[in-house]
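Novice: Okay, handing you the structure first.
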Amino acid sequence: MSPPSDRKVTLIPGDGIGPEVTASARAIVEASGAHFDWDIQPAGLAAQAAGLPALGAAVFESIGRTGLALKGPTGTPFGVPYRIEIGAHAMNPKPEPRVYPSVAIALRKEFDLYMNLRPIRSFPAVVSRYAGVDLLIFRENSEDLYMGRERMVDADTAEAIKTITRGATERAARFACETMVRLGRRKLAIGHKSNVLKLTDGLFLHAAQAVAKNYPQIETRDRVIDALCMELVLAPERYDCLLLANLYGDIVSDLGAGLIGGLGLAPGANIGERCAIFEAVHGTAPDIAGRDIANPMAMILSATMLLKHVGELDCAQRIERALTSVLERRDRLTPDLIANADALRDGKTAAGTSGIGTSGGGTRAMTQAIIEAL
């Protein structure tokens with residue numbers, strides 16, 4: 001592993017609130033003592049507005065060279081056809097163009113980032129309906145309904161193709177089980193809808209179960225996806241780790257964020273054999289972009305996942321402790337967290353905590369508070 005001073009990381013600011021929250025995460029990472037050489041690359045709607053491709057060859061070259069990226073959210077227009085066409089680049093010399101529905105999916109497919117890892121963990125100082133949630137969601141990231149294979153059969157009929165392969169499922173299941181063993185986690189639930197989708201979800205379930213049998217230290221069970229969602233809402237503490245296909249993983253990880261207080265608290269990582277891209281679960285939030293009120297927590301936590309990925313455990317833990325301290329002291333929080341703290345002060349939490357004051361701020365002020373707490 002190269003020394004920290006030589007480690008390069010691609011930084012994609014993204015769209016909407018992306019530049020604000022990635023700037024926050026970058027400042028905090030640097031203040032923690034980690035030394036990165038940031039290669040800033042535009043992508044998404046903001047890049048297109050500047051006359052650049054939504055996802056240009058320079059982005060692929062950069063990530064291919066660094067092997068690491070911290071990515072802000074990138075937007076996709078709602079309600080209109082949107083296609084990103086990718087041709088030959090440094091990491092994929094094939095001249096045939098590939099078409100994707102979003103920047104995020106294009107990056108995942110072009111770099112074969114087959115695993116989306118999304119931790120869902122309660123913060124005692126953040127109000128939610130539940131206390132003690134600690135979920136790890138393993139989302140297979142390369143196939144299912146997210147491959148962009150849709151078409152209009154006729155003017156009144158649309159269809160999408162759902163693809164599940166044994167190889168991709170086994171690879172995701174191995175990653176999940178190996179990660180669980182390394183982290184000392186012992187219970188895995190495989191979510192599926194094989195009672196209806198007997199071939200596609202049936203293959204996902206059986207392939208995942210076959211891999212899990214090689215890890216006797218892990219207690220594995222399967223849950224039909226709708227029942228799983230109900231049980232997560234009723235008693236999330238019963239679950240430890242989840243292995244889900246792409247679409248279910250996307251939906252359930254947002255549900256999980258709701259269990260702990262919202263998308264502003266949910267980090268994520270897209271991991272492959274050659275590189276890893278770290279990004280928050282939330283979107284671009286264009287309605288609050290540029291107003292210095294975006295909650296940077298999810299991006300900061302995504303940055304701590306990056307730090308852990310490269311072995312900078314001390315820096316990651318320092319940031320997590322500083323963030324917890326700022327939350328506990330209600331020091332210069334963003335408006336959504338101020339509202340959360342007001343609810344906590346009024347006793348509207350599972351833990352029943354009360355009597356805590358709040359000091360308001362914004363994205364930059366909260367960033368500074370965390371830096372001061374390091």
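Lettering and numbering for the structure tokens are positional, with chains as A, B, ... in the shown order, residues counted from 1 in each chain, and ligands counted from 1 in the shown order.
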Can you check which residues of segment 101-299 of chain A DSSP gives as strand (DSSP E or B) on the backbone and send them as a VMD selection string?

Specialist: chain A and resid 115 to 121 134 to 140 144 150 to 154 157 to 160 163 187 to 192 219 to 224 241 to 244 269 to 271 276 to 279

Novice: Write a file of the just-selected residues containing C-alpha atoms, as a CSV table (one decimal), in the first residue's frame.

Specialist:
```csv
chain,number,residue,atom,x,y,z
A,115,MET,CA,-21.4,-4.9,-4.6
A,116,ASN,CA,-23.3,-2.0,-3.0
A,117,LEU,CA,-22.7,-1.9,0.7
A,118,ARG,CA,-25.0,0.2,2.8
A,119,PRO,CA,-24.7,0.3,6.6
A,120,ILE,CA,-27.8,1.4,8.5
A,121,ARG,CA,-26.9,2.4,12.0
A,134,ASP,CA,-27.5,-1.9,13.2
A,135,LEU,CA,-28.1,-3.3,9.8
A,136,LEU,CA,-25.6,-4.1,7.0
A,137,ILE,CA,-27.3,-4.3,3.6
A,138,PHE,CA,-25.5,-6.1,0.8
A,139,ARG,CA,-27.0,-5.2,-2.5
A,140,GLU,CA,-26.0,-7.0,-5.7
A,144,ASP,CA,-31.7,-7.3,-12.1
A,150,GLU,CA,-36.5,-1.3,-21.3
A,151,ARG,CA,-38.6,-0.9,-24.5
A,152,MET,CA,-42.0,0.2,-25.7
A,153,VAL,CA,-43.7,-2.7,-27.2
A,154,ASP,CA,-46.4,-0.4,-28.6
A,157,THR,CA,-47.2,-1.1,-23.5
A,158,ALA,CA,-43.8,-0.9,-21.9
A,159,GLU,CA,-41.6,-3.7,-20.7
A,160,ALA,CA,-38.4,-4.2,-18.8
A,163,THR,CA,-31.8,-10.5,-15.4
A,187,LYS,CA,-27.0,-13.6,10.9
A,188,LEU,CA,-27.8,-13.2,7.2
A,189,ALA,CA,-31.3,-12.9,5.7
A,190,ILE,CA,-31.7,-13.4,1.9
A,191,GLY,CA,-34.6,-11.3,0.6
A,192,HIS,CA,-36.5,-12.6,-2.5
A,219,GLU,CA,-26.9,-18.3,10.5
A,220,THR,CA,-28.7,-17.9,7.1
A,221,ARG,CA,-32.5,-17.7,6.5
A,222,ASP,CA,-34.6,-16.5,3.6
A,223,ARG,CA,-37.4,-14.0,3.7
A,224,VAL,CA,-40.0,-13.0,1.1
A,241,CYS,CA,-27.3,-8.4,7.6
A,242,LEU,CA,-29.4,-8.6,4.4
A,243,LEU,CA,-28.4,-9.9,1.0
A,244,LEU,CA,-30.7,-8.5,-1.7
A,269,ALA,CA,-20.0,2.1,-1.1
A,270,ASN,CA,-19.8,0.5,-4.6
A,271,ILE,CA,-17.1,-2.1,-4.6
A,276,ALA,CA,-14.4,1.3,-5.2
A,277,ILE,CA,-16.7,4.4,-5.4
A,278,PHE,CA,-18.1,5.8,-2.2
A,279,GLU,CA,-21.3,7.9,-2.2
```

Novice: Which residues come within 12 Å of Asp314 of chain A, counting only C-alpha atoms, excluding same-chain residues fewer than 3 positions away, as a PyMOL selection string?

Specialist: chain A and resi 29+32-34+304-305+307-311+317-321+374

Novice: Convert the current residue selection to file output with N, CA and C atoms, as a compact mmCIF listing (two decimals), in the first residue's frame.

Specialist:
```txt
# COMPACT_ATOMS: atom_id res chain seq x y z
N VAL A 29 -12.03 15.12 6.07
CA VAL A 29 -11.02 14.08 5.85
C VAL A 29 -9.62 14.68 5.97
N SER A 32 -8.68 15.42 9.49
CA SER A 32 -8.47 14.24 10.34
C SER A 32 -7.03 13.75 10.31
N GLY A 33 -6.25 14.23 9.36
CA GLY A 33 -4.87 13.80 9.23
C GLY A 33 -4.61 12.89 8.06
N ALA A 34 -5.65 12.50 7.34
CA ALA A 34 -5.46 11.69 6.13
C ALA A 34 -4.95 12.58 5.00
N THR A 304 -15.76 8.17 5.57
CA THR A 304 -15.15 7.30 6.58
C THR A 304 -15.09 5.85 6.08
N MET A 305 -16.08 5.45 5.28
CA MET A 305 -16.01 4.11 4.68
C MET A 305 -14.82 4.02 3.73
N LEU A 307 -12.05 5.75 4.01
CA LEU A 307 -10.86 5.71 4.86
C LEU A 307 -10.61 4.30 5.39
N LYS A 308 -11.67 3.65 5.85
CA LYS A 308 -11.52 2.28 6.35
C LYS A 308 -11.08 1.33 5.23
N HIS A 309 -11.59 1.57 4.04
CA HIS A 309 -11.26 0.72 2.89
C HIS A 309 -9.77 0.75 2.59
N VAL A 310 -9.13 1.89 2.80
CA VAL A 310 -7.69 2.01 2.50
C VAL A 310 -6.83 1.86 3.75
N GLY A 311 -7.44 1.47 4.87
CA GLY A 311 -6.66 1.20 6.07
C GLY A 311 -6.43 2.38 6.99
N GLN A 317 -12.15 6.70 12.59
CA GLN A 317 -12.72 6.67 13.94
C GLN A 317 -12.71 8.06 14.58
N ARG A 318 -11.68 8.85 14.29
CA ARG A 318 -11.66 10.22 14.80
C ARG A 318 -12.83 11.02 14.25
N ILE A 319 -13.10 10.86 12.97
CA ILE A 319 -14.22 11.58 12.35
C ILE A 319 -15.54 11.12 12.96
N GLU A 320 -15.72 9.83 13.12
CA GLU A 320 -16.96 9.31 13.70
C GLU A 320 -17.17 9.82 15.11
N ARG A 321 -16.11 9.87 15.91
CA ARG A 321 -16.23 10.40 17.27
C ARG A 321 -16.57 11.88 17.26
N LEU A 374 -12.43 17.31 16.15
CA LEU A 374 -11.48 16.23 15.83
C LEU A 374 -10.33 16.18 16.86
```

Novice: May I have the residues within 8 Å of Pro101 of chain A as a PyMOL selection string, using only C-alpha atoms and disregarding those fewer than 3 positions away in the same chain?

Specialist: chain A and resi 82-84+105-106+148

Novice: Could you check the closest approach to Gly167 of chain A for each of A:Ala104, A:Leu197, A:Met147, A:Leu203 and tell me which residue wins, using only C-alpha atoms?

Specialist: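 Under the stated criterion, the closest residue is A:Leu203.
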
Novice: Which residue gives the smallest distance to Leu68 of chain A among A:Gln217, A:Thr10, A:Ser142, A:Asn246, with only C-alpha atoms counted?

Specialist: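 Using only C-alpha atoms, Leu68 of chain A sits closest to A:Thr10.
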
Novice: Residues of segment 172-351 of chain A classed as helix (DSSP H, G or I) by DSSP on the backbone are to be reported as JSON, numbers by chain.

Specialist: {"A": [172, 173, 174, 175, 176, 177, 178, 179, 180, 181, 182, 183, 200, 201, 202, 203, 204, 205, 206, 207, 208, 209, 210, 211, 212, 225, 226, 227, 228, 229, 230, 231, 232, 233, 234, 236, 237, 238, 246, 247, 248, 249, 250, 251, 252, 253, 254, 255, 256, 257, 258, 259, 260, 263, 264, 265, 286, 287, 288, 297, 298, 299, 300, 301, 302, 303, 304, 305, 306, 307, 308, 309, 313, 314, 315, 316, 317, 318, 319, 320, 321, 322, 323, 324, 325, 326, 327, 328, 329, 335, 336, 337, 338, 339, 340, 341, 342, 343, 344, 345]}

Novice: With C-alpha atoms retained, write the just-selected residues as a short mmCIF file (atom, residue, chain, number, x, y, z; two decimals), in the first residue's frame.

Specialist:
```
data_model
loop_
_atom_site.label_atom_id
_atom_site.label_comp_id
_atom_site.auth_asym_id
_atom_site.auth_seq_id
_atom_site.Cartn_x
_atom_site.Cartn_y
_atom_site.Cartn_z
CA ALA A 172 -22.31 -11.09 -4.19
CA ALA A 173 -23.06 -13.83 -1.67
CA ARG A 174 -19.35 -14.62 -1.22
CA PHE A 175 -18.58 -10.95 -0.65
CA ALA A 176 -21.37 -10.73 1.93
CA CYS A 177 -20.28 -13.84 3.80
CA GLU A 178 -16.57 -12.96 3.76
CA THR A 179 -17.35 -9.45 5.02
CA MET A 180 -19.57 -10.82 7.77
CA VAL A 181 -16.88 -13.22 8.94
CA ARG A 182 -14.31 -10.40 8.99
CA LEU A 183 -16.64 -8.14 10.98
CA THR A 200 -35.30 -15.13 -11.51
CA ASP A 201 -35.70 -14.72 -7.75
CA GLY A 202 -35.64 -18.49 -7.40
CA LEU A 203 -32.18 -18.57 -8.97
CA PHE A 204 -31.00 -15.69 -6.75
CA LEU A 205 -32.19 -17.47 -3.62
CA HIS A 206 -30.79 -20.90 -4.46
CA ALA A 207 -27.42 -19.57 -5.65
CA ALA A 208 -27.02 -17.42 -2.53
CA GLN A 209 -27.99 -20.30 -0.24
CA ALA A 210 -25.46 -22.58 -1.92
CA VAL A 211 -22.67 -20.11 -1.16
CA ALA A 212 -23.84 -19.46 2.41
CA ILE A 225 -39.27 -9.39 0.39
CA ASP A 226 -42.67 -7.97 1.37
CA ALA A 227 -42.61 -9.85 4.68
CA LEU A 228 -39.04 -8.67 5.23
CA CYS A 229 -40.09 -5.04 4.80
CA MET A 230 -42.95 -5.48 7.26
CA GLU A 231 -40.67 -7.10 9.83
CA LEU A 232 -38.07 -4.35 9.45
CA VAL A 233 -40.73 -1.78 10.31
CA LEU A 234 -42.07 -3.84 13.21
CA PRO A 236 -35.57 -3.89 12.92
CA GLU A 237 -33.38 -5.03 15.80
CA ARG A 238 -34.12 -8.64 14.81
CA ASN A 246 -30.44 -4.84 -7.06
CA LEU A 247 -33.99 -3.43 -7.06
CA TYR A 248 -34.91 -4.77 -3.63
CA GLY A 249 -31.62 -3.53 -2.22
CA ASP A 250 -32.26 -0.03 -3.51
CA ILE A 251 -35.73 0.10 -1.99
CA VAL A 252 -34.93 -1.59 1.32
CA SER A 253 -31.85 0.55 1.97
CA ASP A 254 -34.02 3.67 1.72
CA LEU A 255 -36.51 2.04 4.07
CA GLY A 256 -33.60 1.35 6.39
CA ALA A 257 -32.56 5.00 6.26
CA GLY A 258 -36.07 5.88 7.38
CA LEU A 259 -35.65 3.66 10.42
CA ILE A 260 -32.70 5.72 11.66
CA LEU A 263 -31.49 9.57 3.91
CA GLY A 264 -29.20 12.26 5.28
CA LEU A 265 -27.69 9.63 7.59
CA PRO A 286 -32.07 20.53 -6.08
CA ASP A 287 -34.64 22.44 -4.02
CA ILE A 288 -32.04 23.21 -1.34
CA MET A 297 -23.57 13.50 7.36
CA ALA A 298 -24.17 10.80 4.75
CA MET A 299 -21.29 12.03 2.60
CA ILE A 300 -19.02 12.34 5.63
CA LEU A 301 -19.86 8.78 6.65
CA SER A 302 -19.24 7.63 3.07
CA ALA A 303 -15.80 9.23 3.35
CA THR A 304 -15.15 7.30 6.58
CA MET A 305 -16.01 4.11 4.68
CA LEU A 306 -13.40 5.12 2.09
CA LEU A 307 -10.86 5.71 4.86
CA LYS A 308 -11.52 2.28 6.35
CA HIS A 309 -11.26 0.72 2.89
CA LEU A 313 -8.90 3.35 10.57
CA ASP A 314 -7.65 5.94 13.05
CA CYS A 315 -8.73 8.86 10.87
CA ALA A 316 -12.12 7.26 10.24
CA GLN A 317 -12.72 6.67 13.94
CA ARG A 318 -11.66 10.22 14.80
CA ILE A 319 -14.22 11.58 12.35
CA GLU A 320 -16.96 9.31 13.70
CA ARG A 321 -16.23 10.40 17.27
CA ALA A 322 -16.20 14.07 16.28
CA LEU A 323 -19.49 13.72 14.42
CA THR A 324 -21.09 11.99 17.39
CA SER A 325 -19.83 14.76 19.68
CA VAL A 326 -21.33 17.48 17.47
CA LEU A 327 -24.65 15.66 17.35
CA GLU A 328 -24.72 15.16 21.11
CA ARG A 329 -23.94 18.83 21.76
CA PRO A 335 -31.88 22.63 9.72
CA ASP A 336 -33.07 19.04 9.33
CA LEU A 337 -30.96 18.00 12.29
CA ILE A 338 -32.13 21.03 14.28
CA ALA A 339 -35.72 19.91 13.73
CA ASN A 340 -34.63 16.45 14.75
CA ALA A 341 -33.02 17.82 17.91
CA ASP A 342 -36.18 19.79 18.72
CA ALA A 343 -38.15 16.56 18.51
CA LEU A 344 -35.58 14.88 20.72
CA ARG A 345 -35.81 17.73 23.22
#
```

Novice: Which one of A:Gly272, A:Gly56, A:Gly290, A:Pro19 sits closest to Ala168 of chain A if you count only C-alpha atoms?

Specialist: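 When distances to Ala168 of chain A are compared using only C-alpha atoms, the smallest one comes from A:Gly272.
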
Novice: Find the distance between atom CA of Thr74 of chain A and atom CA of Thr334 of chain A and write it in Å to one decimal.

Specialist: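 Interatomic distance here is 21.5 Å.
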
Novice: To one decimal place, how far is atom CA of Gly283 of chain A from atom CA of Asn295 of chain A in Å?

Specialist: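 Atom-to-atom, atom CA of Gly283 of chain A to atom CA of Asn295 of chain A, that is 11.8 Å.
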
Novice: Pick out the residues sitting within 10 Å of Ala27 of chain A, and hand them over as a list in words; count only C-alpha atoms, and ignore anything fewer than 2 positions along from it in its own chain.

Specialist: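 Non-adjacent residues within range: Val21, Thr22, Ala23, Ser24, Ala25, Val29, Glu30, Ala31, Ser32, Ile300, Arg364, Thr367, Gln368, Ile370 and Ile371 of chain A.
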
Novice: What gap, in Å, lies between atom CA of Ala294 of chain A and atom CA of Ile17 of chain A?

Specialist: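 According to the coordinates, atom CA of Ala294 of chain A and atom CA of Ile17 of chain A are separated by 6.5 Å.
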
Novice: Considering only C-alpha atoms, can you say which of A:Val133, A:Ala69, A:Leu199, A:Ile218 comes closest to Arg108 of chain A?

Specialist: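 Among the listed residues, A:Ala69 lies closest to Arg108 of chain A.
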